[in-house]
>>> print(open('entry36.txt').read())   # compact mmCIF, C-alpha atoms and all ligand atoms
# COMPACT_ATOMS: atom_id res chain seq x y z
CA MET A 1 -15.58 -34.24 -21.55
CA SER A 2 -16.36 -34.98 -17.96
CA THR A 3 -13.83 -35.42 -15.18
CA THR A 4 -14.22 -36.42 -11.55
CA VAL A 5 -11.61 -35.67 -8.90
CA SER A 6 -11.60 -36.34 -5.15
CA THR A 7 -10.29 -34.31 -2.26
CA ARG A 8 -10.91 -33.82 1.46
CA VAL A 9 -12.20 -30.24 1.22
CA ALA A 10 -13.53 -28.57 -1.94
CA ILE A 11 -13.28 -24.80 -1.63
CA VAL A 12 -15.24 -22.67 -4.08
CA GLY A 13 -13.60 -19.24 -4.35
CA ALA A 14 -9.97 -18.12 -4.29
CA GLY A 15 -10.51 -14.84 -2.46
CA PRO A 16 -9.07 -14.09 0.97
CA ALA A 17 -11.38 -16.61 2.70
CA GLY A 18 -10.77 -19.55 0.35
CA LEU A 19 -7.00 -19.05 0.16
CA ILE A 20 -6.46 -18.59 3.88
CA LEU A 21 -8.67 -21.60 4.59
CA SER A 22 -6.67 -23.80 2.21
CA HIS A 23 -3.50 -22.68 3.97
CA LEU A 24 -4.79 -23.40 7.48
CA LEU A 25 -6.13 -26.80 6.36
CA ALA A 26 -2.80 -27.70 4.75
CA GLY A 27 -1.11 -26.85 8.05
CA ALA A 28 -3.40 -29.40 9.71
CA GLY A 29 -2.53 -32.00 7.05
CA ILE A 30 -5.87 -31.71 5.23
CA GLU A 31 -5.64 -31.42 1.44
CA SER A 32 -8.06 -29.32 -0.54
CA ILE A 33 -8.89 -28.18 -4.03
CA VAL A 34 -9.63 -24.49 -4.56
CA ILE A 35 -11.50 -23.37 -7.67
CA ASP A 36 -12.37 -19.89 -8.91
CA GLN A 37 -14.13 -18.76 -12.03
CA ARG A 38 -11.77 -15.80 -12.42
CA SER A 39 -8.26 -15.84 -13.88
CA ARG A 40 -5.28 -15.31 -11.60
CA ASP A 41 -4.70 -11.93 -13.19
CA GLU A 42 -8.27 -10.84 -12.53
CA ILE A 43 -8.05 -11.86 -8.87
CA GLU A 44 -4.76 -10.03 -8.46
CA SER A 45 -5.85 -6.81 -10.12
CA THR A 46 -9.39 -6.19 -8.83
CA ILE A 47 -9.27 -3.23 -6.45
CA ARG A 48 -11.14 -3.82 -3.20
CA ALA A 49 -10.94 -2.58 0.36
CA GLY A 50 -7.73 -1.73 2.07
CA ILE A 51 -8.00 -2.01 5.84
CA LEU A 52 -6.80 -5.05 7.79
CA GLU A 53 -7.72 -5.46 11.44
CA GLN A 54 -5.09 -6.25 14.03
CA GLY A 55 -6.23 -9.91 14.23
CA THR A 56 -6.05 -10.32 10.45
CA VAL A 57 -2.51 -8.95 10.43
CA ASP A 58 -1.51 -11.21 13.35
CA LEU A 59 -2.80 -14.19 11.37
CA LEU A 60 -1.02 -13.13 8.14
CA THR A 61 2.18 -12.67 10.16
CA ALA A 62 1.81 -16.16 11.64
CA ILE A 63 1.30 -17.53 8.10
CA ASP A 64 4.37 -15.67 6.79
CA PRO A 65 6.59 -13.73 9.21
CA ASN A 66 7.98 -11.76 6.23
CA THR A 67 4.54 -10.75 4.96
CA ARG A 68 4.63 -7.54 2.93
CA VAL A 69 1.91 -6.14 5.21
CA HIS A 70 4.75 -4.86 7.39
CA THR A 71 6.86 -3.41 4.56
CA VAL A 72 4.40 -2.32 1.86
CA GLY A 73 1.46 -1.86 4.24
CA ASP A 74 1.06 1.09 6.54
CA ARG A 75 0.14 0.84 10.21
CA HIS A 76 -2.59 3.27 11.29
CA GLU A 77 -3.05 3.98 14.97
CA GLY A 78 -6.17 6.06 14.61
CA ILE A 79 -8.77 7.63 12.34
CA GLU A 80 -10.39 11.00 12.25
CA LEU A 81 -14.12 11.60 12.53
CA ARG A 82 -14.98 14.96 11.04
CA PHE A 83 -18.26 16.80 11.52
CA GLU A 84 -19.31 20.44 11.60
CA GLY A 85 -15.94 21.17 9.97
CA GLU A 86 -13.90 19.89 12.94
CA GLY A 87 -11.72 16.81 13.18
CA HIS A 88 -11.78 14.46 16.17
CA ARG A 89 -9.10 11.80 16.37
CA ILE A 90 -9.97 8.32 17.59
CA ASP A 91 -6.65 7.18 19.02
CA PHE A 92 -6.71 3.37 18.71
CA ALA A 93 -3.28 2.86 20.23
CA ALA A 94 -4.10 4.86 23.36
CA LEU A 95 -7.66 3.56 23.75
CA VAL A 96 -7.28 -0.16 23.05
CA ASP A 97 -3.58 -0.69 22.31
CA ARG A 98 -4.44 -2.07 18.86
CA SER A 99 -4.01 -0.82 15.28
CA VAL A 100 -5.15 -1.45 11.73
CA TRP A 101 -3.01 -1.72 8.61
CA LEU A 102 -3.68 -0.15 5.27
CA TYR A 103 -2.76 -2.92 2.83
CA PRO A 104 -4.81 -3.35 -0.35
CA GLN A 105 -6.71 -6.61 -0.53
CA HIS A 106 -5.34 -7.45 -3.99
CA GLU A 107 -1.79 -7.20 -2.64
CA MET A 108 -2.72 -9.67 0.10
CA LEU A 109 -4.22 -11.92 -2.56
CA LYS A 110 -0.99 -11.82 -4.58
CA ASP A 111 0.89 -12.92 -1.46
CA MET A 112 -1.53 -15.74 -0.65
CA LEU A 113 -1.71 -17.01 -4.25
CA ALA A 114 2.09 -17.14 -4.49
CA LEU A 115 2.29 -18.90 -1.14
CA ARG A 116 -0.36 -21.51 -1.92
CA LEU A 117 0.88 -22.22 -5.45
CA GLY A 118 4.44 -22.43 -4.12
CA ALA A 119 3.27 -25.03 -1.61
CA GLY A 120 1.74 -27.15 -4.39
CA GLN A 121 -1.90 -26.28 -3.67
CA ASP A 122 -4.36 -27.66 -6.23
CA LEU A 123 -5.74 -24.27 -7.26
CA ARG A 124 -7.75 -24.02 -10.48
CA PHE A 125 -8.59 -20.75 -12.21
CA GLY A 126 -11.32 -20.29 -14.80
CA VAL A 127 -13.43 -23.05 -13.22
CA THR A 128 -17.05 -22.07 -12.72
CA ALA A 129 -19.03 -23.94 -10.06
CA SER A 130 -22.72 -24.32 -10.80
CA ARG A 131 -24.04 -26.18 -7.73
CA VAL A 132 -23.37 -28.46 -4.80
CA GLU A 133 -25.04 -31.85 -4.61
CA ASP A 134 -25.62 -34.09 -1.58
CA ALA A 135 -24.60 -31.31 0.82
CA GLU A 136 -25.96 -33.14 3.83
CA THR A 137 -24.27 -36.48 3.13
CA ASN A 138 -20.69 -37.55 3.96
CA ARG A 139 -19.70 -37.12 0.29
CA PRO A 140 -20.92 -33.76 -1.00
CA ARG A 141 -19.83 -32.79 -4.53
CA VAL A 142 -19.25 -29.60 -6.45
CA ILE A 143 -20.41 -29.59 -10.06
CA ALA A 144 -18.42 -27.17 -12.18
CA THR A 145 -17.36 -26.30 -15.71
CA ASP A 146 -13.63 -26.16 -16.22
CA ALA A 147 -11.63 -23.67 -18.27
CA ASP A 148 -12.02 -25.82 -21.44
CA GLY A 149 -15.79 -26.11 -21.10
CA GLY A 150 -15.72 -29.70 -19.77
CA GLN A 151 -17.74 -30.80 -16.74
CA LEU A 152 -15.73 -31.14 -13.55
CA THR A 153 -17.11 -32.96 -10.50
CA ILE A 154 -15.21 -32.56 -7.23
CA GLU A 155 -16.09 -35.22 -4.67
CA ALA A 156 -15.16 -34.18 -1.15
CA HIS A 157 -15.61 -34.85 2.53
CA PHE A 158 -16.62 -31.24 3.01
CA VAL A 159 -17.53 -28.34 0.70
CA VAL A 160 -16.92 -24.68 1.55
CA GLY A 161 -18.60 -21.78 -0.21
CA ALA A 162 -16.10 -18.91 -0.21
CA ASP A 163 -17.55 -17.66 -3.47
CA GLY A 164 -18.75 -14.20 -2.60
CA SER A 165 -22.12 -12.53 -2.41
CA ARG A 166 -23.47 -14.29 -5.50
CA SER A 167 -22.52 -17.67 -4.04
CA VAL A 168 -23.65 -20.76 -5.96
CA VAL A 169 -22.93 -22.88 -2.87
CA ARG A 170 -25.43 -20.96 -0.73
CA PRO A 171 -28.63 -22.51 -2.15
CA ALA A 172 -27.39 -25.99 -1.11
CA ILE A 173 -27.49 -24.70 2.47
CA THR A 174 -30.35 -22.23 2.59
CA GLY A 175 -32.59 -23.65 -0.16
CA ASP A 176 -33.13 -20.27 -1.76
CA SER A 177 -30.07 -18.09 -2.40
CA ARG A 178 -31.88 -15.03 -1.05
CA SER A 179 -33.03 -16.63 2.18
CA GLY A 180 -31.70 -14.54 5.05
CA TYR A 181 -31.76 -11.12 6.69
CA PHE A 182 -31.43 -8.22 4.29
CA ARG A 183 -31.27 -4.45 4.25
CA GLU A 184 -30.60 -2.07 1.41
CA TYR A 185 -29.55 1.59 1.81
CA PRO A 186 -30.75 4.53 -0.25
CA PHE A 187 -27.20 5.68 -1.05
CA ALA A 188 -23.91 4.35 -2.42
CA TRP A 189 -20.26 5.37 -2.57
CA PHE A 190 -18.63 6.97 -5.57
CA GLY A 191 -15.04 5.69 -5.26
CA ILE A 192 -11.96 6.97 -7.03
CA LEU A 193 -8.30 6.05 -7.28
CA CYS A 194 -6.06 8.98 -8.13
CA GLU A 195 -2.40 9.77 -8.59
CA ALA A 196 -1.68 12.22 -5.80
CA PRO A 197 0.14 12.42 -2.50
CA ALA A 198 -1.87 11.78 0.67
CA SER A 199 -4.05 14.65 1.84
CA ALA A 200 -3.88 13.56 5.49
CA ASP A 201 -1.79 11.19 7.61
CA GLU A 202 -4.79 9.10 8.65
CA LEU A 203 -8.19 8.20 7.21
CA ILE A 204 -10.87 10.88 7.49
CA TYR A 205 -14.52 9.85 7.85
CA SER A 206 -16.47 13.03 7.26
CA ASN A 207 -20.11 13.82 7.95
CA SER A 208 -20.95 17.06 6.16
CA ALA A 209 -24.02 18.99 5.15
CA ASN A 210 -23.35 17.75 1.60
CA GLY A 211 -23.15 14.10 2.64
CA PHE A 212 -20.43 11.66 3.60
CA ALA A 213 -16.84 11.42 2.34
CA LEU A 214 -13.98 9.06 3.22
CA ILE A 215 -10.42 10.09 2.48
CA SER A 216 -8.37 6.92 2.35
CA GLN A 217 -5.05 5.95 0.83
CA ARG A 218 -3.35 3.21 -1.14
CA SER A 219 0.33 4.19 -1.27
CA PRO A 220 2.44 7.35 -1.08
CA GLU A 221 1.56 7.99 -4.75
CA VAL A 222 -2.01 6.66 -5.00
CA GLN A 223 -5.03 7.71 -2.98
CA ARG A 224 -8.48 6.18 -2.56
CA MET A 225 -11.43 8.47 -1.82
CA TYR A 226 -15.17 8.01 -1.67
CA PHE A 227 -18.18 10.26 -1.47
CA GLN A 228 -21.82 9.47 -0.89
CA CYS A 229 -23.87 9.31 -4.09
CA ASP A 230 -27.11 8.02 -5.52
CA PRO A 231 -27.08 4.20 -6.00
CA GLU A 232 -28.11 4.74 -9.63
CA ALA A 233 -25.27 7.19 -10.32
CA ASP A 234 -23.28 6.56 -13.50
CA PRO A 235 -19.57 6.63 -12.58
CA ASN A 236 -18.71 8.08 -15.99
CA ALA A 237 -21.22 10.91 -15.92
CA MET A 238 -19.10 13.30 -13.81
CA SER A 239 -16.06 15.26 -14.99
CA GLU A 240 -12.89 15.13 -12.89
CA ALA A 241 -13.53 18.73 -11.85
CA GLN A 242 -17.03 17.82 -10.63
CA ILE A 243 -15.67 14.86 -8.68
CA TRP A 244 -13.08 17.01 -6.94
CA GLU A 245 -15.68 19.62 -6.16
CA ALA A 246 -17.95 16.96 -4.62
CA LEU A 247 -15.10 15.61 -2.52
CA GLN A 248 -13.74 19.00 -1.45
CA SER A 249 -17.18 20.19 -0.35
CA ARG A 250 -17.55 17.17 1.93
CA VAL A 251 -14.33 17.63 3.89
CA PRO A 252 -14.49 21.26 4.98
CA GLY A 253 -11.26 22.16 6.78
CA THR A 254 -8.94 20.19 4.49
CA THR A 255 -7.72 21.08 1.02
CA LEU A 256 -7.44 17.78 -0.80
CA LYS A 257 -4.39 17.20 -2.96
CA GLU A 258 -5.82 16.54 -6.41
CA GLY A 259 -4.37 14.36 -9.15
CA ARG A 260 -5.33 12.34 -12.20
CA ILE A 261 -8.28 10.03 -11.51
CA PHE A 262 -7.58 6.64 -13.10
CA GLN A 263 -10.39 4.54 -11.69
CA ARG A 264 -13.95 5.26 -10.64
CA ASP A 265 -16.72 2.99 -9.41
CA VAL A 266 -20.04 3.04 -7.60
CA LEU A 267 -20.34 0.72 -4.58
CA ARG A 268 -23.82 -0.27 -3.49
CA PHE A 269 -24.65 -0.59 0.18
CA ARG A 270 -26.23 -3.76 1.48
CA SER A 271 -26.42 -5.68 4.73
CA PHE A 272 -27.13 -9.41 4.48
CA VAL A 273 -26.79 -12.50 6.65
CA ALA A 274 -27.75 -15.88 5.17
CA SER A 275 -30.48 -17.74 7.04
CA GLU A 276 -28.11 -20.68 7.62
CA LEU A 277 -24.34 -20.98 7.38
CA ARG A 278 -24.01 -24.74 7.30
CA ARG A 279 -25.89 -27.82 6.33
CA GLY A 280 -24.34 -31.24 6.93
CA ARG A 281 -20.97 -31.17 5.25
CA THR A 282 -21.27 -27.84 3.46
CA ALA A 283 -20.59 -24.41 5.00
CA LEU A 284 -20.37 -20.76 3.97
CA VAL A 285 -17.68 -18.21 4.81
CA GLY A 286 -17.11 -14.54 3.99
CA ASP A 287 -19.36 -12.68 1.57
CA ALA A 288 -21.13 -15.93 0.65
CA ALA A 289 -22.46 -15.92 4.23
CA HIS A 290 -22.87 -12.19 4.80
CA THR A 291 -22.45 -8.75 3.29
CA VAL A 292 -21.75 -5.55 5.19
CA PRO A 293 -21.85 -1.99 3.91
CA PRO A 294 -18.27 -0.77 3.41
CA THR A 295 -18.15 1.90 6.14
CA GLY A 296 -15.69 0.59 8.72
CA ALA A 297 -14.08 -1.94 6.36
CA LYS A 298 -15.32 -5.07 8.08
CA GLY A 299 -16.00 -7.27 5.01
CA MET A 300 -12.69 -9.03 4.45
CA ASN A 301 -11.81 -9.12 8.13
CA LEU A 302 -15.06 -10.87 8.90
CA ALA A 303 -14.27 -13.45 6.22
CA VAL A 304 -10.94 -14.14 7.90
CA ALA A 305 -12.64 -14.59 11.28
CA ASP A 306 -15.10 -17.12 9.77
CA VAL A 307 -12.23 -19.07 8.28
CA VAL A 308 -10.29 -19.30 11.54
CA LEU A 309 -13.33 -20.89 13.19
CA LEU A 310 -14.09 -23.18 10.26
CA ALA A 311 -10.49 -24.39 9.88
CA ARG A 312 -10.46 -25.49 13.50
CA ALA A 313 -13.84 -27.19 13.15
CA LEU A 314 -12.74 -29.05 10.00
CA ASP A 315 -9.52 -30.16 11.67
CA ALA A 316 -11.55 -31.69 14.52
CA LEU A 317 -14.12 -33.21 12.15
CA LEU A 318 -11.85 -34.60 9.46
CA GLY A 319 -8.86 -35.29 11.70
CA ASP A 320 -10.55 -36.81 14.77
CA GLY A 321 -14.16 -37.40 13.74
CA ASP A 322 -15.17 -34.87 16.41
CA GLU A 323 -18.35 -33.07 15.30
CA ARG A 324 -18.72 -30.65 18.19
CA LEU A 325 -16.97 -27.64 16.63
CA ILE A 326 -18.65 -27.99 13.26
CA ASP A 327 -22.01 -28.31 15.00
CA GLY A 328 -21.26 -25.04 16.79
CA TYR A 329 -19.71 -23.25 13.76
CA ALA A 330 -22.75 -21.21 12.73
CA GLU A 331 -23.66 -20.14 16.26
CA GLN A 332 -20.09 -19.14 17.05
CA ALA A 333 -19.51 -17.29 13.76
CA LEU A 334 -22.85 -15.48 13.96
CA LYS A 335 -21.93 -13.80 17.26
CA ARG A 336 -19.14 -11.87 15.56
CA ILE A 337 -21.07 -11.48 12.29
CA TRP A 338 -23.94 -9.68 14.01
CA LYS A 339 -21.57 -7.48 16.03
CA ALA A 340 -19.89 -6.50 12.76
CA GLN A 341 -23.28 -6.02 11.10
CA HIS A 342 -24.24 -3.66 13.88
CA PHE A 343 -20.95 -1.75 13.73
CA SER A 344 -21.09 -1.36 9.93
CA TRP A 345 -24.73 -0.25 10.05
CA TRP A 346 -23.97 2.16 12.92
CA MET A 347 -20.97 3.81 11.24
CA THR A 348 -23.01 4.04 8.04
CA SER A 349 -26.09 5.54 9.65
CA MET A 350 -24.09 7.96 11.81
CA LEU A 351 -22.07 9.37 8.94
CA HIS A 352 -24.34 9.47 5.89
CA ARG A 353 -27.11 11.82 4.98
CA LEU A 354 -30.39 10.06 4.31
CA PRO A 355 -32.16 11.51 1.27
CA GLU A 356 -35.31 12.09 3.35
CA ALA A 357 -33.48 13.38 6.45
CA GLY A 358 -34.99 16.49 8.00
CA GLU A 359 -33.37 19.08 10.23
CA PHE A 360 -34.16 17.01 13.34
CA ASP A 361 -32.39 13.95 11.91
CA SER A 362 -29.27 15.93 10.96
CA ARG A 363 -29.00 17.56 14.38
CA ARG A 364 -29.62 14.25 16.16
CA GLN A 365 -26.86 12.68 14.07
CA LEU A 366 -24.44 15.41 15.12
CA GLY A 367 -25.49 14.76 18.73
CA GLU A 368 -24.67 11.08 18.21
CA LEU A 369 -21.23 11.89 16.79
CA ARG A 370 -20.56 14.25 19.67
CA SER A 371 -21.64 11.55 22.16
CA VAL A 372 -18.95 9.31 20.67
CA VAL A 373 -16.05 11.76 20.52
CA ASP A 374 -16.75 13.44 23.88
CA SER A 375 -16.84 10.16 25.77
CA GLU A 376 -13.91 7.85 26.40
CA ALA A 377 -16.39 4.96 26.51
CA GLY A 378 -17.78 6.02 23.13
CA ARG A 379 -14.34 6.37 21.53
CA THR A 380 -13.24 3.07 23.08
CA TYR A 381 -16.21 1.19 21.60
CA LEU A 382 -15.43 2.61 18.17
CA ALA A 383 -11.71 1.77 18.51
CA GLU A 384 -12.44 -1.78 19.73
CA ALA A 385 -14.83 -2.52 16.91
CA TYR A 386 -12.76 -0.82 14.18
CA THR A 387 -9.50 -2.56 15.10
CA GLY A 388 -11.45 -5.79 15.47
CA TRP A 389 -12.47 -8.00 18.34
CA PRO A 390 -9.70 -10.53 19.03
CA LEU A 391 -9.89 -13.77 17.09
CA ASP A 392 -10.28 -16.73 19.44
C1 LIG A 401 -11.40 1.84 2.77
C2 LIG A 401 -12.68 1.33 2.64
C3 LIG A 401 -13.52 1.40 3.71
O1 LIG A 401 -14.78 0.92 3.62
C4 LIG A 401 -13.13 1.94 4.92
O2 LIG A 401 -14.01 2.01 5.94
C5 LIG A 401 -11.85 2.41 5.04
C6 LIG A 401 -10.99 2.36 3.96
C7 LIG A 401 -10.49 1.79 1.60
O3 LIG A 401 -10.88 1.27 0.56
O4 LIG A 401 -9.38 2.33 1.70
>>> encode(input="entry36.txt", output="structure tokens")
Amino acid sequence: MSTTVSTRVAIVGAGPAGLILSHLLAGAGIESIVIDQRSRDEIESTIRAGILEQGTVDLLTAIDPNTRVHTVGDRHEGIELRFEGEGHRIDFAALVDRSVWLYPQHEMLKDMLALRLGAGQDLRFGVTASRVEDAETNRPRVIATDADGGQLTIEAHFVVGADGSRSVVRPAITGDSRSGYFREYPFAWFGILCEAPASADELIYSNSANGFALISQRSPEVQRMYFQCDPEADPNAMSEAQIWEALQSRVPGTTLKEGRIFQRDVLRFRSFVASELRRGRTALVGDAAHTVPPTGAKGMNLAVADVVLLARALDALLGDGDERLIDGYAEQALKRIWKAQHFSWWMTSMLHRLPEAGEFDSRRQLGELRSVVDSEAGRTYLAEAYTGWPLD
């Protein structure tokens, strides 16, 4: 069976980028079809990052003034950098008058899915895109397989790849899906979710002689914590006692509140920016366009920033036939993308222990951390970047 449908904008991927884009387009009177290979349940239950920048929260509040970010989420006005066993607070509110919110990404996805489905969005789960054809023409198409195994062709006026780091839309833009700027890191994060009360009021980013740890949170009853590990580490190879020992030894000065560990995973570290973000009437947003290492939690926020720019450009293009914003989309988006790439790389390199690091490197790193916390300019840069540069 083969079906063809038509729409103005075909969006591949129902993550934060695809869903928010469909919402902004609908607000501008532009209909879209969103497809995702996952089921709704899978999208709503996959645990991802948890930090929303101020601009992301402002946008979610504009989308829905009653957003659960403000009731279920938790506003954080600072973080702690810990090194040589001492904590140093970076006071976002005092330094830049901005905050971040701890609100798990899958909760935000539940909100956006309910909102879009409630508004009658054509949103199809279990539909796997395989490629985009005629990207550079006025009628690009997405070729996909639907939930029943039939071929689905979506003809559109514009195609958006919001389909994550393994994007199938990307090759239609860059030729080769790997074409771009790439860096891999010789370490990863061992992440856990556990049933325990919070060990600290705010997030702790700790540089220790044993390597990095991040003490984060999910709710009053559930905590998220990470420690630096080998990228090849098997998440099931450590006992709970060994995990707690690894974490405790990386945050000297705090006794972590332990509890049952009910999820564990190993997160690889990569930096990537695609060589091109748009060709003709096809564009990339979010992880399809770029990947950042997790330190500093920029990934989802960067996706939201892409989408704000692209929604405006598509409104001008499809509403008024004005091509100027879409012609400038990649250049404009890349300014923020590279700033976020730098910030994520910087936080990563300042806080982790490189396997080959010598005594000089470790002491230099401590000098770098001290340069940040001892200087108002240093703390302000970190606060500005962490809370997020304002969205235009
Ligand atoms: C979390 C993840 C991050 O990468 C980060 O910098 C802060 C918090 C988290 O999952 O809670």
>>> residues_around(input="entry36.txt", residues="range 144-154 of chain A", least_positions_apart="2", cutoff="9 Å", atoms="only C-alpha atoms", output="VMD selection string")
chain A and resid 1 to 7 10 33 37 124 to 132 140 to 142 156
>>> residues_around(input="entry36.txt", residues="Ala17 in chain A", least_positions_apart="2", cutoff="9 Å", atoms="all atoms listed in the file", output="PDB file with C-alpha atoms, in the coordinates of the input")
ATOM      1  CA  GLY A  13     -13.600 -19.240  -4.350  1.00  0.00           C
ATOM      2  CA  ALA A  14      -9.970 -18.120  -4.290  1.00  0.00           C
ATOM      3  CA  GLY A  15     -10.510 -14.840  -2.460  1.00  0.00           C
ATOM      4  CA  LEU A  19      -7.000 -19.050   0.160  1.00  0.00           C
ATOM      5  CA  ILE A  20      -6.460 -18.590   3.880  1.00  0.00           C
ATOM      6  CA  LEU A  21      -8.670 -21.600   4.590  1.00  0.00           C
ATOM      7  CA  SER A  22      -6.670 -23.800   2.210  1.00  0.00           C
ATOM      8  CA  ALA A 162     -16.100 -18.910  -0.210  1.00  0.00           C
ATOM      9  CA  ASP A 163     -17.550 -17.660  -3.470  1.00  0.00           C
ATOM     10  CA  VAL A 285     -17.680 -18.210   4.810  1.00  0.00           C
ATOM     11  CA  GLY A 286     -17.110 -14.540   3.990  1.00  0.00           C
ATOM     12  CA  ASP A 287     -19.360 -12.680   1.570  1.00  0.00           C
ATOM     13  CA  MET A 300     -12.690  -9.030   4.450  1.00  0.00           C
ATOM     14  CA  ALA A 303     -14.270 -13.450   6.220  1.00  0.00           C
ATOM     15  CA  VAL A 304     -10.940 -14.140   7.900  1.00  0.00           C
ATOM     16  CA  ALA A 305     -12.640 -14.590  11.280  1.00  0.00           C
ATOM     17  CA  ASP A 306     -15.100 -17.120   9.770  1.00  0.00           C
ATOM     18  CA  VAL A 307     -12.230 -19.070   8.280  1.00  0.00           C
TER      19      VAL A 307
END
>>> residues_around(input="entry36.txt", residues="range 342-358 of chain A", least_positions_apart="6", cutoff="10 Å", atoms="all atoms listed in the file", output="PyMOL selection string")
chain A and resi 81-83+183+185-188+205-214+227-230+269-271+292-299+336+364-369+381-382+385-386
>>> axis_aligned_box(input="entry36.txt", around="range 144-153 of chain A", padding_each_side="5 Å", output="JSON")
{"center_x": -15.0, "center_y": -28.3, "center_z": -16.0, "size_x": 16.8, "size_y": 19.3, "size_z": 20.9}
>>> closest_residue(input="entry36.txt", among="A:Asp36, A:Asp315, A:Glu80, A:Asp361", to="ligand LIG 401 (chain A)", atoms="only C-alpha atoms and all ligand atoms")
A:Glu80
>>> residues_around(input="entry36.txt", residues="Arg224 in chain A", least_positions_apart="4", cutoff="12 Å", atoms="all atoms listed in the file", output="PyMOL selection string")
chain A and resi 47-51+102+104+189-200+203-204+213-220+247+256-265
>>> write_last_selection(input="entry36.txt", atoms="C-alpha atoms", output="mmCIF file, in the coordinates of the input")
data_model
loop_
_atom_site.group_PDB
_atom_site.id
_atom_site.type_symbol
_atom_site.label_atom_id
_atom_site.label_comp_id
_atom_site.auth_asym_id
_atom_site.auth_seq_id
_atom_site.Cartn_x
_atom_site.Cartn_y
_atom_site.Cartn_z
ATOM 1 C CA ILE A 47 -9.270 -3.230 -6.450
ATOM 2 C CA ARG A 48 -11.140 -3.820 -3.200
ATOM 3 C CA ALA A 49 -10.940 -2.580 0.360
ATOM 4 C CA GLY A 50 -7.730 -1.730 2.070
ATOM 5 C CA ILE A 51 -8.000 -2.010 5.840
ATOM 6 C CA LEU A 102 -3.680 -0.150 5.270
ATOM 7 C CA PRO A 104 -4.810 -3.350 -0.350
ATOM 8 C CA TRP A 189 -20.260 5.370 -2.570
ATOM 9 C CA PHE A 190 -18.630 6.970 -5.570
ATOM 10 C CA GLY A 191 -15.040 5.690 -5.260
ATOM 11 C CA ILE A 192 -11.960 6.970 -7.030
ATOM 12 C CA LEU A 193 -8.300 6.050 -7.280
ATOM 13 C CA CYS A 194 -6.060 8.980 -8.130
ATOM 14 C CA GLU A 195 -2.400 9.770 -8.590
ATOM 15 C CA ALA A 196 -1.680 12.220 -5.800
ATOM 16 C CA PRO A 197 0.140 12.420 -2.500
ATOM 17 C CA ALA A 198 -1.870 11.780 0.670
ATOM 18 C CA SER A 199 -4.050 14.650 1.840
ATOM 19 C CA ALA A 200 -3.880 13.560 5.490
ATOM 20 C CA LEU A 203 -8.190 8.200 7.210
ATOM 21 C CA ILE A 204 -10.870 10.880 7.490
ATOM 22 C CA ALA A 213 -16.840 11.420 2.340
ATOM 23 C CA LEU A 214 -13.980 9.060 3.220
ATOM 24 C CA ILE A 215 -10.420 10.090 2.480
ATOM 25 C CA SER A 216 -8.370 6.920 2.350
ATOM 26 C CA GLN A 217 -5.050 5.950 0.830
ATOM 27 C CA ARG A 218 -3.350 3.210 -1.140
ATOM 28 C CA SER A 219 0.330 4.190 -1.270
ATOM 29 C CA PRO A 220 2.440 7.350 -1.080
ATOM 30 C CA LEU A 247 -15.100 15.610 -2.520
ATOM 31 C CA LEU A 256 -7.440 17.780 -0.800
ATOM 32 C CA LYS A 257 -4.390 17.200 -2.960
ATOM 33 C CA GLU A 258 -5.820 16.540 -6.410
ATOM 34 C CA GLY A 259 -4.370 14.360 -9.150
ATOM 35 C CA ARG A 260 -5.330 12.340 -12.200
ATOM 36 C CA ILE A 261 -8.280 10.030 -11.510
ATOM 37 C CA PHE A 262 -7.580 6.640 -13.100
ATOM 38 C CA GLN A 263 -10.390 4.540 -11.690
ATOM 39 C CA ARG A 264 -13.950 5.260 -10.640
ATOM 40 C CA ASP A 265 -16.720 2.990 -9.410
#
>>> atom_distance(input="entry36.txt", atom1="CA of Gly328 in chain A", atom2="CA of Val34 in chain A")
24.3 Å
>>> closest_residue(input="entry36.txt", among="A:Leu317, A:Ile79, A:Val12, A:Ala93", to="ligand LIG 401 (chain A)", atoms="all atoms listed in the file")
A:Ile79
>>> atom_distance(input="entry36.txt", atom1="CA of Leu325 in chain A", atom2="CA of Val169 in chain A")
20.9 Å
>>> atom_distance(input="entry36.txt", atom1="CA of Ile11 in chain A", atom2="CA of Gly175 in chain A")
19.4 Å
>>> closest_residue(input="entry36.txt", among="A:Gln105, A:Gln248, A:Gln332, A:Gln121", to="ligand LIG 401 (chain A)", atoms="all atoms listed in the file")
A:Gln105
>>> decode(input="entry36.txt", residues="range 68-73 of chain A", atoms="N, CA and C atoms", output="CSV table (one decimal), in the first residue's frame")
chain,number,residue,atom,x,y,z
A,68,ARG,N,3.3,23.5,33.2
A,68,ARG,CA,3.7,22.9,34.4
A,68,ARG,C,5.1,23.2,34.8
A,69,VAL,N,5.9,23.8,33.9
A,69,VAL,CA,7.2,24.2,34.2
A,69,VAL,C,7.2,25.0,35.6
A,70,HIS,N,6.2,25.8,35.7
A,70,HIS,CA,6.2,26.7,36.9
A,70,HIS,C,5.6,26.0,38.2
A,71,THR,N,4.9,24.8,38.0
A,71,THR,CA,4.4,24.1,39.2
A,71,THR,C,5.2,22.9,39.5
A,72,VAL,N,5.4,22.1,38.4
A,72,VAL,CA,6.2,20.8,38.7
A,72,VAL,C,7.7,21.1,38.6
A,73,GLY,N,8.1,22.1,37.7
A,73,GLY,CA,9.5,22.4,37.6
A,73,GLY,C,10.0,23.2,38.8
